[in-house]
Structure formats: C-alpha cells, structure tokens
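Participant: Right, I'll just put the structure down here and ask away after.
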Amino acid sequence: MSRMFKILGLAACLFLPAGVVQAKAADLTVFAAASTTNALMEIAKIYEAGGNGPVALSFASSSTLAKQIENGAPADVFVSANAEWMNYLEDKGLLEAGSRTALLGNRIVFIVPASSAVQSLTISSELDLAALLGKDGLLAVGDPAHVPVGTYAKAALEYLKLWAQVENRLAPAKDVRAGLALVERAEAPLGIVYASDAVISDKVRVVGAFPLDSHPDIAYPAAAVKSSDSKAALELIKFLSSPPAKEIWAKYGLEVK
C-alpha cells in the first residue's frame, strides 16, 4: 500500500468525532497550529518521501488542539503557536519529558483586502483604527480569549494604546486562517494575522508589521505527546528543524529558531 498523507479536519470541540479517529491511517499524527498549515504539509511530504511512515496532520487553533489532547485525542506531536498552550499540557503531565523544543518564530501584521485603497500604515499610538474600519467595519482577528494570534494582537494594541478603539469592533475568529478568510472576502476591511498567513494569499496585502517590542515574543514550541510512540515522534520533531524543513518554513514566512 502506498503511503498516505492525510489532513484531518478538526471541529472546534473538545472531542474528536469517531469517524475522524477511525480515519487515522498513519504512523504519526501531528496536531499543529493553523498558521503552520501550508509549510507543514510540504514538510510532511518530504519526510514521507525519505522512507518514513505516513503522517496525518490536524490543524486548528492551538487552544482547540490542546483541549482535544487533554481529552484523549490521538496525537503524537503538538506544535503550538504560543508557549501558553504548550505549558497547559506540560503542567498536566501530558508531554513526553525532555521532548519540548523551541521551533519557530513569527510576526503579526495588519492586512487589508487586495482591492483596498489603504497602502501602508505607520503602527503607533497615533493610528486611527476607527477611521480605517469605517462606520460599520470590524477588525478580523483570532479570538483574543483563546486564539494565540488574537492574544498577541490584543497585547500589541494595548501596548500601543489602541485597544480601546477596537475592543467593541472585533470579528473574533476561531483561528488565524478564519480571520484571514474574512479579509480575503472583504467582509472585514482590516485584519491582524501572522506574516506567514499573509504570504499564502494573493487576496490580501500587508500594510504594516507590529513593532517587535509591542507584544510577547511569538514562539512556536513543539513536543511529543506522552501517549505517543515517543521514539518516532522525537525523530519527526528533529526533522522539523532539519535543513530541508528550515527552507520550507522560511519560504512561508516563519522564522526558524
């Protein structure tokens, strides 16, 4: 049988549907932040082509994935878009001891629909976000209550004293790709996503990058889940930092640690 490369779509719930569990026909299953989707798909193909077993990939918000792992979802490797949700699982004893590694970094940026008249923004405390949103427009961003990109965005906007302009004008998305889609469809005139998400779309334009000192460091840790085949999981995590993988991460705008 030829190797299979599956992307398992996960609903935003705490338990995996039985059909999805049965669909797992892979040696390893990776739960990864939605912002890693395109890069990790390519990396998994290279990993499989190198004689390794098939890899199944499940993408969603890091918070959703962490909760699913906590509730027994069959994950072998977890790649989170922030340290908080990795800490959450580590504190519960659900990660393989010593397997955690700093994998990637990222930036958060303002995006607009490709057809927008806005060309560039100077991101400072003087920015008039209300004017950019217009009378009825909303700011598309991952839900700050639990989605990492939204958490970073809120921290940056608070630091820049801009949060009061938008806290009641958010279109809170279930993950960063859902926020990206709102701007792609021009359903929101302005959005905040990772730089790596903006790279994959020709339907949006980046009009400004947030200052690095305006928010906590954007770090993507990876670790093996305790119930996994730890040897195979550790081999895959090692491969995620290999030269071929680093080239792909960089292509998609992710900063390799």
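Simple scheme: letters A, B, ... for chains in structure tokens order, numbers from 1 for residues in each chain, numbers from 1 for ligands in the order shown.
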Range 64-68 of chain A: which residues within 12 Å, counting only C-alpha atoms, same-chain residues fewer than 4 positions away excluded, as number ranges by chain?

Facilitator: A: 9-17, 30-34, 57-60, 72-92, 94-95, 143, 145-148, 174-175, 223, 225

Participant: Residues near range 105-109 of chain A, anyone? I mean within 10 Å using only C-alpha atoms, not counting same-chain ones fewer than 2 positions away, as number ranges by chain.

Facilitator: A: 35, 81-82, 102-103, 111, 123, 149-150, 152-153, 156, 191-198, 205-212, 215, 217-221, 249, 253-257

Participant: Could you check how far CA of Leu138 in chain A sits from CA of Pro189 in chain A, in Å to one decimal?

Facilitator: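 About the pair CA of Leu138 in chain A and CA of Pro189 in chain A: they are 7.0 Å apart.
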
Participant: Write down as a PyMOL selection string the residues belonging to range 110-154 of chain A that are assigned strand (DSSP E or B) by DSSP computed on the backbone.

Facilitator: chain A and resi 110-113+139-142

Participant: How close does range 177-248 of chain A get to range 37-50 of chain A? List, as a tab-separated table, each residue of range 177-248 of chain A within 9 Å, its nearest atom pair and the distance in Å to one decimal, counting only C-alpha atoms.

Facilitator:
residue	atom	partner	partner_atom	distance
A:Ile200	CA	A:Asn38	CA	7.9
A:Leu236	CA	A:Tyr47	CA	8.0
A:Phe239	CA	A:Tyr47	CA	7.6
A:Leu240	CA	A:Ile43	CA	7.5
A:Pro244	CA	A:Ile43	CA	7.8
A:Ala245	CA	A:Ile43	CA	5.8
A:Ile248	CA	A:Ala39	CA	6.0

Participant: Taking the backbone alone, and naming residues the way the document does, which bits of range 160-195 of chain A are alpha helix (DSSP H) by DSSP, as a PDB file with C-alpha atoms, in the first residue's frame?

Facilitator:
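Final output, saved to states.pdb:
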ATOM      1  CA  TRP A 163      -7.171  48.633  22.123  1.00  0.00           C
ATOM      2  CA  ALA A 164      -9.975  50.985  23.247  1.00  0.00           C
ATOM      3  CA  GLN A 165     -10.632  51.868  19.598  1.00  0.00           C
ATOM      4  CA  VAL A 166     -11.378  48.282  18.590  1.00  0.00           C
ATOM      5  CA  VAL A 176      -5.921  32.730  12.285  1.00  0.00           C
ATOM      6  CA  ARG A 177      -6.959  31.257   8.924  1.00  0.00           C
ATOM      7  CA  ALA A 178     -10.608  32.072   9.615  1.00  0.00           C
ATOM      8  CA  GLY A 179      -9.602  35.673  10.283  1.00  0.00           C
ATOM      9  CA  LEU A 180      -7.572  35.718   7.069  1.00  0.00           C
ATOM     10  CA  ALA A 181     -10.604  34.474   5.128  1.00  0.00           C
ATOM     11  CA  LEU A 182     -12.759  37.357   6.373  1.00  0.00           C
ATOM     12  CA  VAL A 183     -10.318  39.874   4.917  1.00  0.00           C
ATOM     13  CA  GLU A 184      -9.843  37.847   1.723  1.00  0.00           C
ATOM     14  CA  ALA A 195       3.119  37.258   8.480  1.00  0.00           C
TER      15      ALA A 195
END

Participant: Env of range 159-162 of chain A: 7 Å cut, atoms = only C-alpha atoms, seq-sep filter 4 positions within chain, self excluded. Answer as an NGL selection string.

Facilitator: :A and (124-125 or 155 or 214)

Participant: Report, in Å to a single decimal, how far apart CA of Leu133 in chain A and CA of Tyr252 in chain A are.

Facilitator: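 Spanning CA of Tyr252 in chain A to CA of Leu133 in chain A is a straight-line distance of 28.0 Å.
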
Participant: Could you please determine the separation between CA of Ser120 in chain A and CA of Lys246 in chain A in Å, to one decimal place?

Facilitator: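 Spanning CA of Ser120 in chain A to CA of Lys246 in chain A is a straight-line distance of 29.7 Å.
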
Participant: Smallest atom-to-atom distance to Asn52 in chain A: which of A:Asp27, A:Glu126, A:Glu70, A:Glu158, using only C-alpha atoms?

Facilitator: A:Asp27

Participant: Of the candidates A:Thr151, A:Lys135, A:Ser63, A:Glu96, which one gets nearest to Lys231 in chain A if we count only C-alpha atoms?

Facilitator: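 For Lys231 in chain A, the nearest of the candidates is A:Glu96.
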